[in-house]
$ cat final_36.txt   # compact mmCIF, C-alpha atoms
# COMPACT_ATOMS: atom_id res chain seq x y z
CA MET I 258 0.00 0.00 0.00
CA ASP I 259 0.99 3.60 -0.60
CA ALA I 260 3.09 5.10 2.22
CA ALA I 261 1.22 8.42 2.18
CA TYR I 262 -2.11 6.57 2.46
CA LEU I 263 -0.89 4.61 5.49
CA ALA I 264 0.48 7.83 7.00
CA ASP I 265 -2.96 9.42 6.70
CA TRP I 266 -4.53 6.53 8.59
CA ALA I 267 -1.82 6.70 11.26
CA ASN I 268 -2.47 10.44 11.54
CA LEU I 269 -6.21 9.90 11.96
CA LEU I 270 -5.95 7.09 14.51
CA LEU I 271 -3.28 8.83 16.58
CA ARG I 272 -5.32 12.04 16.56
CA TRP I 273 -8.39 10.12 17.72
CA LEU I 274 -6.43 8.43 20.52
CA HIS I 275 -4.94 11.78 21.50
CA LEU I 276 -8.38 13.34 21.80
CA ILE I 277 -9.78 10.41 23.81
CA ALA I 278 -6.86 10.36 26.25
CA GLY I 279 -6.80 14.16 26.45
CA VAL I 280 -10.49 14.36 27.31
CA ALA I 281 -9.98 11.77 30.06
CA TRP I 282 -6.92 13.56 31.49
CA ILE I 283 -8.29 17.09 31.30
CA GLY I 284 -11.62 16.00 32.73
CA THR I 285 -9.90 14.31 35.68
CA SER I 286 -7.59 17.28 36.24
CA PHE I 287 -10.42 19.80 36.15
CA TYR I 288 -12.52 17.66 38.46
CA PHE I 289 -9.88 17.38 41.18
CA ILE I 290 -8.99 21.08 41.02
CA SER I 291 -12.69 21.85 41.35
CA LEU I 292 -12.98 19.41 44.25
CA ASP I 293 -10.04 21.03 46.05
CA ASN I 294 -11.57 24.48 45.60
CA GLN I 295 -14.97 23.44 46.96
CA LEU I 296 -14.00 21.48 50.06
CA GLU I 297 -15.83 22.44 53.24
CA PRO I 298 -14.70 21.90 56.85
CA ALA I 299 -15.23 18.30 57.91
CA LYS I 300 -18.20 17.70 60.21
CA ASP I 301 -16.81 14.65 62.03
CA GLY I 302 -13.99 16.58 63.73
CA ASN I 303 -11.22 14.35 62.36
CA PRO I 304 -8.04 16.49 62.62
CA ARG I 305 -6.50 14.60 59.71
CA VAL I 306 -9.23 15.69 57.28
CA ALA I 307 -8.57 18.96 55.46
CA GLY I 308 -12.08 19.15 54.05
CA GLU I 309 -14.98 17.25 52.57
CA GLN I 310 -17.64 17.54 49.91
CA TRP I 311 -21.05 16.01 49.38
CA SER I 312 -22.28 15.86 45.80
CA VAL I 313 -24.98 14.23 43.73
CA HIS I 314 -24.51 12.81 40.24
CA GLY I 315 -26.00 10.11 38.08
CA GLY I 316 -28.78 9.34 40.55
CA GLY I 317 -26.47 8.82 43.53
CA PHE I 318 -24.81 10.70 46.40
CA TYR I 319 -21.05 10.91 46.92
CA HIS I 320 -19.07 11.85 50.03
CA LYS I 321 -15.44 12.81 49.45
CA GLN I 322 -12.84 13.68 52.08
CA LYS I 323 -9.33 15.02 51.59
CA TYR I 324 -6.69 14.32 54.22
CA LEU I 325 -4.06 16.88 55.20
CA VAL I 326 -1.29 14.36 54.55
CA ALA I 327 -2.64 10.82 54.80
CA PRO I 328 -5.25 8.74 56.66
CA GLU I 329 -4.32 6.70 59.72
CA ARG I 330 -4.07 3.57 57.61
CA LEU I 331 -4.13 2.82 53.92
CA PRO I 332 -7.26 1.34 52.36
CA GLU I 333 -7.00 -2.01 50.63
CA LYS I 334 -7.39 -0.40 47.22
CA LEU I 335 -6.14 2.97 45.99
CA HIS I 336 -7.21 4.48 42.67
CA TRP I 337 -4.38 6.17 40.78
CA PHE I 338 -4.79 8.69 37.99
CA LYS I 339 -1.81 8.64 35.65
CA TRP I 340 -2.40 6.70 32.44
CA GLU I 341 -4.77 9.36 31.12
CA ALA I 342 -1.83 11.76 31.16
CA TYR I 343 0.68 9.24 29.87
CA TRP I 344 -1.42 8.19 26.87
CA THR I 345 -2.18 11.80 26.03
CA TRP I 346 1.54 12.48 25.72
CA ILE I 347 2.39 9.18 23.99
CA SER I 348 -0.24 9.73 21.30
CA GLY I 349 0.48 13.46 20.99
CA PHE I 350 4.23 12.96 20.70
CA ALA I 351 3.76 10.21 18.12
CA LEU I 352 1.53 12.55 16.12
CA PHE I 353 4.08 15.36 16.42
CA VAL I 354 6.84 13.06 15.16
CA LEU I 355 4.70 11.75 12.29
CA ILE I 356 3.75 15.22 11.02
CA TYR I 357 6.39 17.69 12.16
CA TRP I 358 9.52 15.54 12.29
CA PHE I 359 8.94 13.08 9.44
CA GLN I 360 7.70 15.94 7.24
CA ALA I 361 9.89 18.67 8.72
CA SER I 362 10.70 20.24 5.36
CA THR I 363 6.97 20.84 4.83
CA TYR I 364 5.56 21.61 8.28
CA LEU I 365 8.49 22.67 10.47
CA VAL I 366 10.92 24.49 8.18
CA ASP I 367 9.92 27.68 6.41
CA PRO I 368 12.76 29.16 4.30
CA ALA I 369 11.13 32.58 4.61
CA VAL I 370 11.65 32.38 8.37
CA LEU I 371 14.95 30.49 8.57
CA ASP I 372 16.32 28.22 5.88
CA MET I 373 17.81 25.12 7.49
CA PRO I 374 18.03 21.41 6.69
CA ALA I 375 15.21 19.25 8.00
CA TRP I 376 17.51 17.20 10.23
CA LEU I 377 18.72 20.33 12.02
CA ALA I 378 15.15 21.52 12.58
CA VAL I 379 14.26 18.16 14.15
CA LEU I 380 17.37 18.26 16.35
CA ILE I 381 16.54 21.78 17.57
CA SER I 382 12.93 20.74 18.16
CA ALA I 383 13.97 17.75 20.27
CA ALA I 384 16.45 19.85 22.25
CA MET I 385 13.72 22.38 23.01
CA LEU I 386 11.38 19.64 24.26
CA VAL I 387 14.00 18.34 26.68
CA GLY I 388 15.33 21.77 27.62
CA GLY I 389 11.84 23.08 28.35
CA TRP I 390 11.18 20.44 30.97
CA VAL I 391 14.65 20.59 32.53
CA GLY I 392 14.56 24.39 32.82
CA TYR I 393 11.05 24.43 34.27
CA ASP I 394 11.77 21.64 36.77
CA LEU I 395 14.98 23.27 37.98
CA LEU I 396 13.13 26.55 38.43
CA CYS I 397 10.40 24.91 40.51
CA ARG I 398 12.99 23.16 42.68
CA SER I 399 15.01 26.35 43.19
CA ARG I 400 14.47 28.90 45.95
CA TYR I 401 12.10 30.73 43.59
CA GLY I 402 9.77 27.75 43.67
CA GLU I 403 8.53 28.72 47.14
CA ASN I 404 7.18 32.05 45.86
CA GLU I 405 4.29 31.31 43.50
CA ALA I 406 3.91 34.92 42.34
CA LEU I 407 7.60 35.23 41.44
CA LEU I 408 7.63 31.75 39.94
CA GLY I 409 4.65 32.65 37.77
CA ALA I 410 6.29 35.88 36.57
CA ILE I 411 9.50 34.06 35.65
CA GLY I 412 7.47 31.35 33.92
CA ILE I 413 5.55 33.88 31.81
CA ALA I 414 8.80 35.62 30.83
CA ALA I 415 10.35 32.26 29.88
CA LEU I 416 7.28 31.37 27.82
CA ALA I 417 7.57 34.68 25.97
CA VAL I 418 11.20 33.93 25.12
CA VAL I 419 10.37 30.40 23.97
CA ALA I 420 7.47 31.60 21.81
CA PHE I 421 9.62 34.31 20.21
CA LEU I 422 12.47 31.88 19.60
CA ALA I 423 10.23 29.16 18.12
CA CYS I 424 8.50 31.62 15.79
CA HIS I 425 11.88 32.83 14.50
CA LEU I 426 13.24 29.32 14.01
CA PHE I 427 10.30 27.47 12.45
CA GLY I 428 7.34 28.17 10.21
CA GLY I 429 4.32 29.58 12.04
CA ARG I 430 2.34 26.34 12.20
CA GLY I 431 5.36 24.34 13.30
CA ALA I 432 6.31 26.99 15.87
CA PHE I 433 2.88 26.89 17.50
CA LEU I 434 2.90 23.10 17.70
CA GLN I 435 6.47 23.15 19.01
CA VAL I 436 5.41 25.37 21.91
CA GLY I 437 2.37 23.14 22.44
CA ALA I 438 4.53 20.01 22.48
CA MET I 439 6.92 21.62 24.97
CA THR I 440 4.06 22.66 27.23
CA GLY I 441 2.39 19.26 26.99
CA THR I 442 5.69 17.56 27.81
CA ILE I 443 6.07 19.70 30.92
CA MET I 444 2.52 18.88 32.00
CA VAL I 445 2.96 15.12 31.59
CA ALA I 446 6.43 15.17 33.15
CA ASN I 447 4.87 16.91 36.16
CA VAL I 448 2.69 13.83 36.56
CA ALA I 449 5.33 11.22 35.76
CA MET I 450 8.37 12.81 37.47
CA VAL I 451 6.89 14.67 40.46
CA ILE I 452 3.26 13.90 41.32
CA ILE I 453 3.22 10.10 40.96
CA PRO I 454 6.71 9.48 42.47
CA GLY I 455 5.78 11.69 45.43
CA GLN I 456 2.57 9.78 45.97
CA ARG I 457 4.45 6.48 45.77
CA LYS I 458 6.85 7.68 48.49
CA MET I 459 3.94 8.68 50.70
CA VAL I 460 2.33 5.26 50.26
CA ALA I 461 5.64 3.47 50.90
CA ALA I 462 6.16 5.43 54.12
CA MET I 463 2.74 4.42 55.41
CA GLN I 464 3.34 0.80 54.49
CA GLN I 465 6.48 0.95 56.65
CA GLY I 466 4.55 2.48 59.54
CA ALA I 467 6.11 5.93 59.15
CA ALA I 468 4.43 9.31 58.69
CA PRO I 469 4.59 10.50 55.06
CA ASP I 470 6.63 13.62 54.34
CA PRO I 471 4.12 16.42 53.60
CA LYS I 472 6.48 18.05 51.10
CA TYR I 473 5.45 15.52 48.47
CA GLY I 474 1.86 16.63 48.80
CA ARG I 475 2.87 20.30 48.46
CA TRP I 476 4.98 19.59 45.39
CA GLY I 477 2.22 17.55 43.79
CA LYS I 478 -0.39 20.24 44.42
CA GLN I 479 1.90 22.93 42.98
CA ARG I 480 2.49 21.01 39.76
CA SER I 481 -1.23 20.15 39.45
CA VAL I 482 -2.12 23.84 39.71
CA HIS I 483 0.47 24.71 37.06
CA ASN I 484 -1.00 22.07 34.77
CA THR I 485 -4.53 23.40 35.08
CA TYR I 486 -3.50 26.90 33.94
CA LEU I 487 -1.58 25.49 30.97
CA THR I 488 -4.50 23.38 29.75
CA LEU I 489 -6.57 25.96 27.83
CA PRO I 490 -3.58 27.45 25.94
CA VAL I 491 -2.51 23.94 24.93
CA LEU I 492 -6.02 23.15 23.70
CA PHE I 493 -5.91 26.28 21.55
CA ILE I 494 -2.57 25.22 20.07
CA MET I 495 -4.05 21.80 19.24
CA ILE I 496 -6.69 23.38 16.98
CA SER I 497 -4.55 26.26 15.66
CA PRO I 498 -3.33 24.45 12.48
CA HIS I 499 -6.81 24.95 11.03
CA TYR I 500 -6.60 28.75 11.42
CA PRO I 501 -3.58 30.24 9.64
CA MET I 502 -4.58 33.83 10.46
CA THR I 503 -3.10 33.14 13.91
CA TYR I 504 0.21 31.42 13.22
CA GLN I 505 1.11 33.09 9.92
CA SER I 506 1.10 36.63 11.33
CA SER I 507 4.46 38.38 11.51
CA TRP I 508 3.60 38.88 15.18
CA ASN I 509 2.63 35.23 15.65
CA TRP I 510 4.65 34.89 18.84
CA ALA I 511 2.68 37.77 20.37
CA VAL I 512 -0.57 36.15 19.21
CA LEU I 513 0.46 32.93 20.95
CA LEU I 514 1.21 34.77 24.19
CA ALA I 515 -2.05 36.73 24.01
CA ILE I 516 -4.07 33.56 23.51
CA GLY I 517 -2.19 31.98 26.42
CA LEU I 518 -3.14 34.97 28.56
CA ALA I 519 -6.79 34.74 27.50
CA GLY I 520 -6.82 31.03 28.34
CA ALA I 521 -5.22 31.58 31.75
CA LEU I 522 -7.70 34.37 32.60
CA THR I 523 -10.60 32.13 31.62
CA ARG I 524 -9.28 29.27 33.74
CA GLN I 525 -8.76 31.60 36.69
CA PHE I 526 -12.39 32.70 36.43
CA PHE I 527 -13.57 29.12 36.87
CA VAL I 528 -11.11 28.48 39.70
CA LEU I 529 -12.39 31.52 41.62
CA ARG I 530 -16.01 30.69 40.81
CA GLN I 531 -15.49 27.28 42.40
CA LYS I 532 -14.38 29.14 45.53
CA GLY I 533 -17.52 31.27 45.53
CA ARG I 534 -16.08 34.39 43.85
CA ASN I 535 -17.64 35.61 40.61
CA ALA I 536 -14.80 37.65 39.06
CA VAL I 537 -16.51 38.56 35.79
CA TRP I 538 -13.66 40.89 34.88
CA LEU I 539 -11.55 37.83 34.08
CA PRO I 540 -13.61 36.49 31.15
CA ALA I 541 -14.22 40.11 30.11
CA GLY I 542 -10.45 40.62 30.01
CA ALA I 543 -10.02 37.41 28.00
CA ALA I 544 -12.68 38.58 25.54
CA ALA I 545 -10.95 41.96 25.23
CA VAL I 546 -7.64 40.26 24.44
CA VAL I 547 -9.25 38.15 21.72
CA ALA I 548 -11.10 41.17 20.29
CA LEU I 549 -7.82 43.09 20.11
CA LEU I 550 -6.21 40.16 18.29
CA ILE I 551 -9.04 40.05 15.76
CA TRP I 552 -8.76 43.78 15.13
CA ALA I 553 -4.96 43.85 14.94
CA GLY I 554 -4.76 40.79 12.70
CA ALA I 555 -7.39 41.88 10.18
CA PRO I 556 -5.89 41.65 6.66
CA GLU I 557 -5.35 44.75 4.60
CA ARG I 558 -7.82 45.26 1.78
CA GLY I 559 -5.49 46.95 -0.65
CA ALA I 560 -5.52 44.04 -3.08
CA ALA I 561 -9.33 44.17 -3.27
CA SER I 562 -9.21 47.33 -5.37
CA ALA I 563 -6.74 45.86 -7.86
CA GLU I 564 -7.96 44.85 -11.29
CA ALA I 565 -9.11 41.23 -11.42
CA PRO I 566 -7.01 39.03 -13.74
CA PRO I 567 -8.68 36.86 -16.39
CA PHE I 568 -9.69 33.41 -15.21
CA ALA I 569 -7.19 31.75 -17.54
CA GLU I 570 -4.36 33.43 -15.60
CA VAL I 571 -5.87 32.36 -12.29
CA GLN I 572 -6.18 28.78 -13.50
CA ALA I 573 -2.55 28.78 -14.61
CA ILE I 574 -1.35 30.03 -11.22
CA VAL I 575 -3.43 27.43 -9.37
CA ALA I 576 -2.19 24.64 -11.64
CA ALA I 577 1.45 25.64 -11.07
CA ARG I 578 1.32 26.45 -7.36
CA CYS I 579 -1.58 24.55 -5.78
CA ALA I 580 -2.63 21.50 -7.79
CA SER I 581 0.40 19.36 -6.91
CA CYS I 582 -1.33 18.77 -3.55
CA HIS I 583 -4.95 19.71 -4.26
CA ALA I 584 -5.68 17.14 -6.94
CA ALA I 585 -7.55 13.86 -7.07
CA ARG I 586 -4.14 12.20 -7.29
CA PRO I 587 -1.59 14.56 -5.70
CA THR I 588 1.86 14.52 -7.26
CA ASP I 589 3.38 15.65 -3.95
CA GLU I 590 4.57 12.45 -2.26
CA ALA I 591 3.53 13.74 1.18
CA PHE I 592 -0.16 13.36 0.34
CA ALA I 593 -2.18 10.31 -0.65
CA ALA I 594 -5.32 12.44 -1.05
CA PRO I 595 -5.98 16.17 -1.42
CA PRO I 596 -5.69 17.93 1.97
CA LYS I 597 -9.15 18.39 3.55
CA GLY I 598 -10.68 17.02 0.34
CA VAL I 599 -10.03 20.30 -1.50
CA MET I 600 -9.36 19.77 -5.22
CA LEU I 601 -8.35 22.63 -7.51
CA GLU I 602 -8.15 21.04 -10.94
CA THR I 603 -11.28 22.14 -12.79
CA PRO I 604 -12.75 25.65 -13.19
CA GLN I 605 -15.74 24.61 -11.07
CA GLN I 606 -13.49 23.42 -8.26
CA ILE I 607 -11.33 26.55 -8.36
CA ARG I 608 -14.37 28.83 -8.13
CA ARG I 609 -16.00 26.68 -5.42
CA TRP I 610 -13.00 27.02 -3.13
CA ALA I 611 -12.21 30.64 -4.04
CA ALA I 612 -12.90 32.17 -0.61
CA ALA I 613 -10.93 29.47 1.20
CA THR I 614 -8.09 29.85 -1.29
CA ARG I 615 -7.93 33.58 -0.62
CA GLN I 616 -7.61 32.99 3.14
CA GLN I 617 -4.81 30.48 2.67
CA VAL I 618 -2.96 32.58 0.08
CA GLN I 619 -3.38 35.89 1.89
CA THR I 620 -2.06 34.55 5.18
CA GLU I 621 0.77 32.79 3.28
CA ALA I 622 -0.17 29.52 4.96
CA MET I 623 -0.24 27.87 1.56
CA PRO I 624 1.71 26.47 -0.05
CA PRO I 625 3.31 25.18 3.20
CA GLY I 626 6.83 26.53 3.39
CA ASN I 627 6.13 27.96 -0.07
CA LEU I 628 7.32 24.68 -1.54
CA THR I 629 5.94 25.53 -4.98
CA GLY I 630 7.51 29.00 -5.03
CA ILE I 631 4.41 31.17 -5.44
CA THR I 632 5.39 34.82 -5.83
CA ALA I 633 3.98 37.89 -4.08
CA GLY I 634 2.60 39.05 -7.41
CA GLU I 635 0.78 35.77 -7.96
CA ARG I 636 -0.71 35.95 -4.48
CA ALA I 637 -1.95 39.48 -5.20
CA ARG I 638 -3.53 38.38 -8.48
CA LEU I 639 -5.41 35.51 -6.81
CA ILE I 640 -6.63 37.80 -4.01
CA ALA I 641 -7.81 40.41 -6.51
CA TRP I 642 -9.68 37.76 -8.50
CA VAL I 643 -11.53 36.49 -5.43
CA ALA I 644 -12.28 40.04 -4.25
CA ALA I 645 -13.90 40.72 -7.62
CA GLY I 646 -16.31 37.85 -7.08
CA ALA I 647 -14.25 34.99 -8.62
CA PRO I 648 -15.48 35.62 -12.19
CA ALA I 649 -15.41 32.72 -14.64
CA GLU I 650 -14.09 34.84 -17.51
$ encode --input "final_36.txt" --output "structure tokens"
Amino acid sequence: MDAAYLADWANLLLRWLHLIAGVAWIGTSFYFISLDNQLEPAKDGNPRVAGEQWSVHGGGFYHKQKYLVAPERLPEKLHWFKWEAYWTWISGFALFVLIYWFQASTYLVDPAVLDMPAWLAVLISAAMLVGGWVGYDLLCRSRYGENEALLGAIGIAALAVVAFLACHLFGGRGAFLQVGAMTGTIMVANVAMVIIPGQRKMVAAMQQGAAPDPKYGRWGKQRSVHNTYLTLPVLFIMISPHYPMTYQSSWNWAVLLAIGLAGALTRQFFVLRQKGRNAVWLPAGAAAVVALLIWAGAPERGAASAEAPPFAEVQAIVAARCASCHAARPTDEAFAAPPKGVMLETPQQIRRWAAATRQQVQTEAMPPGNLTGITAGERARLIAWVAAGAPAE
């Protein structure tokens, strides 16, 4: 079977697995953060209990209690929450490798940003994934890790540097996913390298008849809180490849930071709401950030007033610059089928997809990495043709 065809199936199945595992992990994470924020003082007077919650769901009542460090004795069965996180990363990393490493010359490297060989781009990408976690972990373990406000400020500054660096090393789409992969790696490493090992040490201490060290609980809670604020920005990055007006901007790194801010503000609103505070200024601030992005990123309309070229010229440009991928049988070896089912071979097809073509051409998202060498003049001619109503003559 054709390699590109099999790659498409691998892409689909990995993406499906990634979504399933991600929903399970994010749902669990959000639930426990919500539970922590809504605990009430225990009624039974047990000094070991930090708080409790009664809830009703699915036709039944639930009574949950959280211990300050640990109960007097371990129950026979403990439920652990880890594989949701692990499978989210395993599937996401496999997807990242399949698309952005195996096809680095198409999706990671953009000669207009920085012309480099594909192998070097992959090497830099891998180094950033490892370096991101190591730097973050060392920062949390340093003396700054005890001051959450200072730690947060340093973290935001570091994220700004990483976003700027990624957007000046890789193409916009690849840069966004690189930052997303780094953030996701940090989140999963928090679970695998800090939260779960700490919990194992607490359980081992109790099994030996000793009191667990409360520092492991503090460290685990800190990393869980960090993860919950990173979740919404990462979800945005996951869907960003479908919206080139975000990652193809010359200020794409600032767009990424602004969206991260909007996501964090939105998450903070829900965190405070769970504690009984209705800080409506937070979602209002997030909406203002997004509105500013929409206004600042609006494309210029100068090309709309240009004279529309004849359709024969448009068809020639599309045939030379677009149809190698967007054809019933793509000649580009990276594709077994036209991306998103868009074919641009016949006049009817070209006119049908005119508006979508304009968006892709105007943002310079297509061709990816400008592999077919479309010129600025050709882009302007296509935009002018669509602005004139995509005439057939």
$ residues_around --input "final_36.txt" --residues "Gly634 in chain I" --least-positions-apart "2" --cutoff "12 Å" --atoms "only C-alpha atoms" --output "ChimeraX atom specification"
/I:560,563,566,571,574,618-619,630-632,636-641
$ closest_residue --input "final_36.txt" --among "I:Cys582, I:Leu325, I:Ala423, I:Ala410" --to "Leu371 in chain I" --atoms "only C-alpha atoms"
I:Ala423
$ residues_around --input "final_36.txt" --residues "range 589-600 of chain I" --least-positions-apart "5" --cutoff "6 Å" --atoms "all atoms listed in the file" --output "number ranges by chain"
I: 261-262, 581-584
$ write_last_selection --input "final_36.txt" --atoms "C-alpha atoms" --output "CSV table (one decimal), keeping the file's coordinate frame"
chain,number,residue,atom,x,y,z
I,261,ALA,CA,1.2,8.4,2.2
I,262,TYR,CA,-2.1,6.6,2.5
I,581,SER,CA,0.4,19.4,-6.9
I,582,CYS,CA,-1.3,18.8,-3.6
I,583,HIS,CA,-5.0,19.7,-4.3
I,584,ALA,CA,-5.7,17.1,-6.9
$ atom_distance --input "final_36.txt" --atom1 "CA of Pro501 in chain I" --atom2 "CA of Ala622 in chain I"
5.8 Å
$ atom_distance --input "final_36.txt" --atom1 "CA of Leu522 in chain I" --atom2 "CA of Leu539 in chain I"
5.4 Å
$ closest_residue --input "final_36.txt" --among "I:Leu331, I:Ala299, I:Ile356, I:Ala545" --to "Ala267 in chain I" --atoms "only C-alpha atoms"
I:Ile356
$ closest_residue --input "final_36.txt" --among "I:Gln531, I:Asn294, I:Asn447, I:Asn268" --to "Tyr343 in chain I" --atoms "only C-alpha atoms"
I:Asn447
$ closest_residue --input "final_36.txt" --among "I:Ala351, I:Cys424, I:Val482, I:Val547" --to "Phe287 in chain I" --atoms "all atoms listed in the file"
I:Val482
$ residues_near_point --input "final_36.txt" --point "(8.4, 18.7, 9.1)" --cutoff "10 Å" --atoms "all atoms listed in the file" --output "JSON, numbers by chain"
{"I": [353, 354, 355, 356, 357, 358, 359, 360, 361, 362, 363, 364, 365, 366, 367, 375, 376, 378, 379, 427, 428, 431, 626]}
$ write_last_selection --input "final_36.txt" --atoms "C-alpha atoms" --output "PDB file, in the coordinates of the input"
ATOM      1  CA  PHE I 353       4.080  15.360  16.420  1.00  0.00           C
ATOM      2  CA  VAL I 354       6.840  13.060  15.160  1.00  0.00           C
ATOM      3  CA  LEU I 355       4.700  11.750  12.290  1.00  0.00           C
ATOM      4  CA  ILE I 356       3.750  15.220  11.020  1.00  0.00           C
ATOM      5  CA  TYR I 357       6.390  17.690  12.160  1.00  0.00           C
ATOM      6  CA  TRP I 358       9.520  15.540  12.290  1.00  0.00           C
ATOM      7  CA  PHE I 359       8.940  13.080   9.440  1.00  0.00           C
ATOM      8  CA  GLN I 360       7.700  15.940   7.240  1.00  0.00           C
ATOM      9  CA  ALA I 361       9.890  18.670   8.720  1.00  0.00           C
ATOM     10  CA  SER I 362      10.700  20.240   5.360  1.00  0.00           C
ATOM     11  CA  THR I 363       6.970  20.840   4.830  1.00  0.00           C
ATOM     12  CA  TYR I 364       5.560  21.610   8.280  1.00  0.00           C
ATOM     13  CA  LEU I 365       8.490  22.670  10.470  1.00  0.00           C
ATOM     14  CA  VAL I 366      10.920  24.490   8.180  1.00  0.00           C
ATOM     15  CA  ASP I 367       9.920  27.680   6.410  1.00  0.00           C
ATOM     16  CA  ALA I 375      15.210  19.250   8.000  1.00  0.00           C
ATOM     17  CA  TRP I 376      17.510  17.200  10.230  1.00  0.00           C
ATOM     18  CA  ALA I 378      15.150  21.520  12.580  1.00  0.00           C
ATOM     19  CA  VAL I 379      14.260  18.160  14.150  1.00  0.00           C
ATOM     20  CA  PHE I 427      10.300  27.470  12.450  1.00  0.00           C
ATOM     21  CA  GLY I 428       7.340  28.170  10.210  1.00  0.00           C
ATOM     22  CA  GLY I 431       5.360  24.340  13.300  1.00  0.00           C
ATOM     23  CA  GLY I 626       6.830  26.530   3.390  1.00  0.00           C
TER      24      GLY I 626
END
$ closest_residue --input "final_36.txt" --among "I:Tyr486, I:Tyr324, I:Trp273, I:Tyr319" --to "Val528 in chain I" --atoms "all atoms listed in the file"
I:Tyr486
$ closest_residue --input "final_36.txt" --among "I:Ile551, I:Thr503, I:Val387, I:Val326" --to "Met463 in chain I" --atoms "only C-alpha atoms"
I:Val326
$ atom_distance --input "final_36.txt" --atom1 "CA of Leu269 in chain I" --atom2 "CA of Ala384 in chain I"
26.8 Å
